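To keep things clear, I will list the structure first and then write my remarks on it.
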Amino acid sequence: MLALQVVPRSGIDAYQLLRKKVIHEARTWYWKNKRKTRLMHSNKRAGYVEVGSADGILVAEIHAATVNEVYFFAEKFIGRLVAWFESDLAAINIQFRDAVVPRRGRRKKK
């Protein structure tokens with residue numbers, strides 16, 4: 001799983017910028033839920049980007065069904081952020097997280 005931190009320039013709220021842009025102008029991105037925390041892409045239905053805010057910093061986690069779709073969502077999301085908000089952003093930080101894999105249960109010996 002990928003986690004992104006989008007750091008805006010001082011005095012700007014990155015989450016509010018993204019929220020307004022997706023509501024009013026975006027063609028391929030849309031909000032999946034009413035709270036506007038789950039961002040979907042119109043070409044891929046098997047994943048989403050979970051977004052939130054912390055002190056004006058946009059925090060996003062990419063949730064995809066397969067490894068190939070992680071690349072798709074990361075490429076599209078980062079590309080859109082740069083295209084839309086290049087002058088408003090100071091940094092985009094990427095963190096690679098291990099996916100949580102459920103442990104297999106123990107088998108009983110016969």
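If you're wondering about the labels, chains in the structure tokens are A, B, ... by order shown, residues count from 1 in each chain, ligands from 1 in order shown.
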
As a ChimeraX atom specification, please: the residues near Trp29 of chain A (cut-off 7 Å, only C-alpha atoms, same-chain neighbours under 2 positions excluded).
/A:22,26-27,39-42

Give me the residues within 10 Å of Asp13 of chain A as a PyMOL selection string, counting only C-alpha atoms and dropping any in the same chain fewer than 6 places off.
chain A and resi 6-7+53-58+88-89

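If you look at atom CA of Phe77 of chain A and atom CA of Val59 of chain A, they are 12.3 Å away from each other.
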
Please provide the set of residues having any atom within 12 Å of Ala65 of chain A, restricted to only C-alpha atoms, with same-chain residues fewer than 3 positions apart removed, written as a PDB file with N, CA and C atoms, in the first residue's frame.
ATOM      1  N   MET A   1       0.849  -1.170   0.000  1.00  0.00           N
ATOM      2  CA  MET A   1       0.000   0.000   0.000  1.00  0.00           C
ATOM      3  C   MET A   1       0.898   1.237   0.000  1.00  0.00           C
ATOM      4  N   LYS A  44     -11.104   2.846 -13.414  1.00  0.00           N
ATOM      5  CA  LYS A  44     -10.852   1.674 -12.569  1.00  0.00           C
ATOM      6  C   LYS A  44     -11.860   1.631 -11.435  1.00  0.00           C
ATOM      7  N   ARG A  45     -12.578   0.541 -11.340  1.00  0.00           N
ATOM      8  CA  ARG A  45     -13.565   0.381 -10.276  1.00  0.00           C
ATOM      9  C   ARG A  45     -13.056  -0.480  -9.122  1.00  0.00           C
ATOM     10  N   ALA A  46     -11.879  -1.077  -9.270  1.00  0.00           N
ATOM     11  CA  ALA A  46     -11.394  -2.027  -8.278  1.00  0.00           C
ATOM     12  C   ALA A  46     -10.531  -1.388  -7.197  1.00  0.00           C
ATOM     13  N   GLY A  47     -10.487  -0.089  -7.112  1.00  0.00           N
ATOM     14  CA  GLY A  47      -9.679   0.550  -6.093  1.00  0.00           C
ATOM     15  C   GLY A  47     -10.129   1.971  -5.846  1.00  0.00           C
ATOM     16  N   TYR A  48      -9.500   2.608  -4.866  1.00  0.00           N
ATOM     17  CA  TYR A  48      -9.851   3.978  -4.512  1.00  0.00           C
ATOM     18  C   TYR A  48      -8.688   4.622  -3.778  1.00  0.00           C
ATOM     19  N   VAL A  49      -8.792   5.917  -3.591  1.00  0.00           N
ATOM     20  CA  VAL A  49      -7.815   6.676  -2.823  1.00  0.00           C
ATOM     21  C   VAL A  49      -8.545   7.244  -1.615  1.00  0.00           C
ATOM     22  N   ILE A  62      -3.552   4.799  -0.958  1.00  0.00           N
ATOM     23  CA  ILE A  62      -4.042   4.168  -2.180  1.00  0.00           C
ATOM     24  C   ILE A  62      -4.399   2.728  -1.867  1.00  0.00           C
ATOM     25  N   ASN A  68      -0.657  -4.099  -9.851  1.00  0.00           N
ATOM     26  CA  ASN A  68      -0.635  -3.260 -11.047  1.00  0.00           C
ATOM     27  C   ASN A  68      -1.531  -2.038 -10.898  1.00  0.00           C
ATOM     28  N   GLU A  69      -2.625  -2.167 -10.197  1.00  0.00           N
ATOM     29  CA  GLU A  69      -3.526  -1.041 -10.011  1.00  0.00           C
ATOM     30  C   GLU A  69      -2.983  -0.030  -9.008  1.00  0.00           C
ATOM     31  N   VAL A  70      -2.108  -0.440  -8.112  1.00  0.00           N
ATOM     32  CA  VAL A  70      -1.451   0.511  -7.215  1.00  0.00           C
ATOM     33  C   VAL A  70      -0.666   1.514  -8.045  1.00  0.00           C
ATOM     34  N   TYR A  71       0.063   1.012  -9.032  1.00  0.00           N
ATOM     35  CA  TYR A  71       0.820   1.887  -9.926  1.00  0.00           C
ATOM     36  C   TYR A  71      -0.127   2.822 -10.683  1.00  0.00           C
ATOM     37  N   PHE A  72      -1.242   2.298 -11.185  1.00  0.00           N
ATOM     38  CA  PHE A  72      -2.202   3.110 -11.934  1.00  0.00           C
ATOM     39  C   PHE A  72      -2.722   4.265 -11.082  1.00  0.00           C
ATOM     40  N   PHE A  73      -3.187   3.964  -9.873  1.00  0.00           N
ATOM     41  CA  PHE A  73      -3.748   4.999  -9.013  1.00  0.00           C
ATOM     42  C   PHE A  73      -2.688   6.012  -8.584  1.00  0.00           C
ATOM     43  N   ALA A  99       1.333  -4.303   3.107  1.00  0.00           N
ATOM     44  CA  ALA A  99      -0.086  -4.638   3.213  1.00  0.00           C
ATOM     45  C   ALA A  99      -0.269  -5.605   4.383  1.00  0.00           C
TER      46      ALA A  99
END

Point-to-point distance from atom CA of Arg9 of chain A to atom CA of Ala60 of chain A, Å rounded to tenths:
17.6 Å

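With only C-alpha atoms as the basis for measurement, A:Lys21 is the residue among A:Lys21, A:His63, A:Lys108, A:Arg38 that approaches Trp84 of chain A most closely.
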
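What separates atom CA of Asn93 of chain A from atom CA of Asn33 of chain A is a distance of 25.3 Å.
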
Could you pull out the residues in segment 21-101 of chain A that DSSP calls strand (DSSP E or B) from the backbone, as an MDAnalysis selection string?
chainID A and resid 29:31 38:41 44:54 57:64 89:96

Selection file, N, CA and C atoms, as a compact mmCIF listing (two decimals), in the first residue's frame:
# COMPACT_ATOMS: atom_id res chain seq x y z
N TRP A 29 -12.14 11.96 -12.01
CA TRP A 29 -12.16 11.66 -10.58
C TRP A 29 -13.50 12.07 -10.00
N TYR A 30 -14.00 11.29 -9.03
CA TYR A 30 -15.26 11.63 -8.36
C TYR A 30 -15.25 11.07 -6.94
N TRP A 31 -16.09 11.66 -6.10
CA TRP A 31 -16.20 11.22 -4.70
C TRP A 31 -17.16 10.06 -4.62
N ARG A 38 -13.39 9.25 0.04
CA ARG A 38 -13.04 8.14 -0.85
C ARG A 38 -13.11 8.62 -2.30
N LEU A 39 -11.95 8.70 -2.93
CA LEU A 39 -11.83 9.24 -4.28
C LEU A 39 -11.69 8.10 -5.27
N MET A 40 -12.53 8.10 -6.30
CA MET A 40 -12.55 7.03 -7.29
C MET A 40 -12.14 7.58 -8.66
N HIS A 41 -11.58 6.72 -9.48
CA HIS A 41 -11.25 7.08 -10.86
C HIS A 41 -12.24 6.39 -11.78
N LYS A 44 -11.10 2.85 -13.41
CA LYS A 44 -10.85 1.67 -12.57
C LYS A 44 -11.86 1.63 -11.44
N ARG A 45 -12.58 0.54 -11.34
CA ARG A 45 -13.57 0.38 -10.28
C ARG A 45 -13.06 -0.48 -9.12
N ALA A 46 -11.88 -1.08 -9.27
CA ALA A 46 -11.39 -2.03 -8.28
C ALA A 46 -10.53 -1.39 -7.20
N GLY A 47 -10.49 -0.09 -7.11
CA GLY A 47 -9.68 0.55 -6.09
C GLY A 47 -10.13 1.97 -5.85
N TYR A 48 -9.50 2.61 -4.87
CA TYR A 48 -9.85 3.98 -4.51
C TYR A 48 -8.69 4.62 -3.78
N VAL A 49 -8.79 5.92 -3.59
CA VAL A 49 -7.82 6.68 -2.82
C VAL A 49 -8.54 7.24 -1.61
N GLU A 50 -8.11 6.86 -0.44
CA GLU A 50 -8.70 7.34 0.82
C GLU A 50 -7.97 8.62 1.20
N VAL A 51 -8.69 9.73 1.33
CA VAL A 51 -8.04 11.01 1.62
C VAL A 51 -8.53 11.57 2.95
N GLY A 52 -7.68 12.35 3.56
CA GLY A 52 -8.00 13.01 4.81
C GLY A 52 -7.10 14.23 4.96
N SER A 53 -7.28 14.94 6.07
CA SER A 53 -6.53 16.16 6.28
C SER A 53 -5.97 16.18 7.69
N ALA A 54 -4.76 16.73 7.80
CA ALA A 54 -4.14 16.92 9.10
C ALA A 54 -3.37 18.24 9.06
N ILE A 57 -2.42 19.54 5.66
CA ILE A 57 -1.69 18.58 4.83
C ILE A 57 -2.66 17.50 4.38
N LEU A 58 -2.65 17.19 3.10
CA LEU A 58 -3.49 16.15 2.55
C LEU A 58 -2.81 14.81 2.77
N VAL A 59 -3.51 13.88 3.39
CA VAL A 59 -3.00 12.53 3.63
C VAL A 59 -3.84 11.58 2.79
N ALA A 60 -3.19 10.80 1.93
CA ALA A 60 -3.91 9.90 1.03
C ALA A 60 -3.31 8.51 1.09
N GLU A 61 -4.18 7.49 1.11
CA GLU A 61 -3.75 6.10 1.05
C GLU A 61 -4.38 5.48 -0.18
N ILE A 62 -3.55 4.80 -0.96
CA ILE A 62 -4.04 4.17 -2.18
C ILE A 62 -4.40 2.73 -1.87
N HIS A 63 -5.66 2.38 -2.11
CA HIS A 63 -6.16 1.03 -1.90
C HIS A 63 -6.52 0.45 -3.26
N ALA A 64 -5.83 -0.60 -3.66
CA ALA A 64 -6.08 -1.22 -4.96
C ALA A 64 -6.18 -2.72 -4.79
N LEU A 89 1.71 23.75 -4.15
CA LEU A 89 2.28 22.66 -3.37
C LEU A 89 3.77 22.89 -3.08
N ALA A 90 4.17 22.45 -1.89
CA ALA A 90 5.58 22.52 -1.51
C ALA A 90 6.26 21.16 -1.68
N ALA A 91 5.53 20.06 -1.38
CA ALA A 91 6.13 18.72 -1.47
C ALA A 91 5.05 17.66 -1.56
N ILE A 92 5.42 16.53 -2.16
CA ILE A 92 4.59 15.32 -2.14
C ILE A 92 5.50 14.21 -1.64
N ASN A 93 5.16 13.65 -0.49
CA ASN A 93 5.96 12.59 0.13
C ASN A 93 5.26 11.26 -0.06
N ILE A 94 6.02 10.23 -0.43
CA ILE A 94 5.47 8.89 -0.66
C ILE A 94 6.05 7.94 0.37
N GLN A 95 5.18 7.15 0.98
CA GLN A 95 5.61 6.13 1.94
C GLN A 95 5.11 4.78 1.44
N PHE A 96 6.00 3.79 1.42
CA PHE A 96 5.63 2.44 1.03
C PHE A 96 5.33 1.65 2.30

Just checking: using only C-alpha atoms, which residue out of A:Lys20, A:Phe85, A:Val67, A:Ile78 ends up closest to Asp98 of chain A?
A:Val67
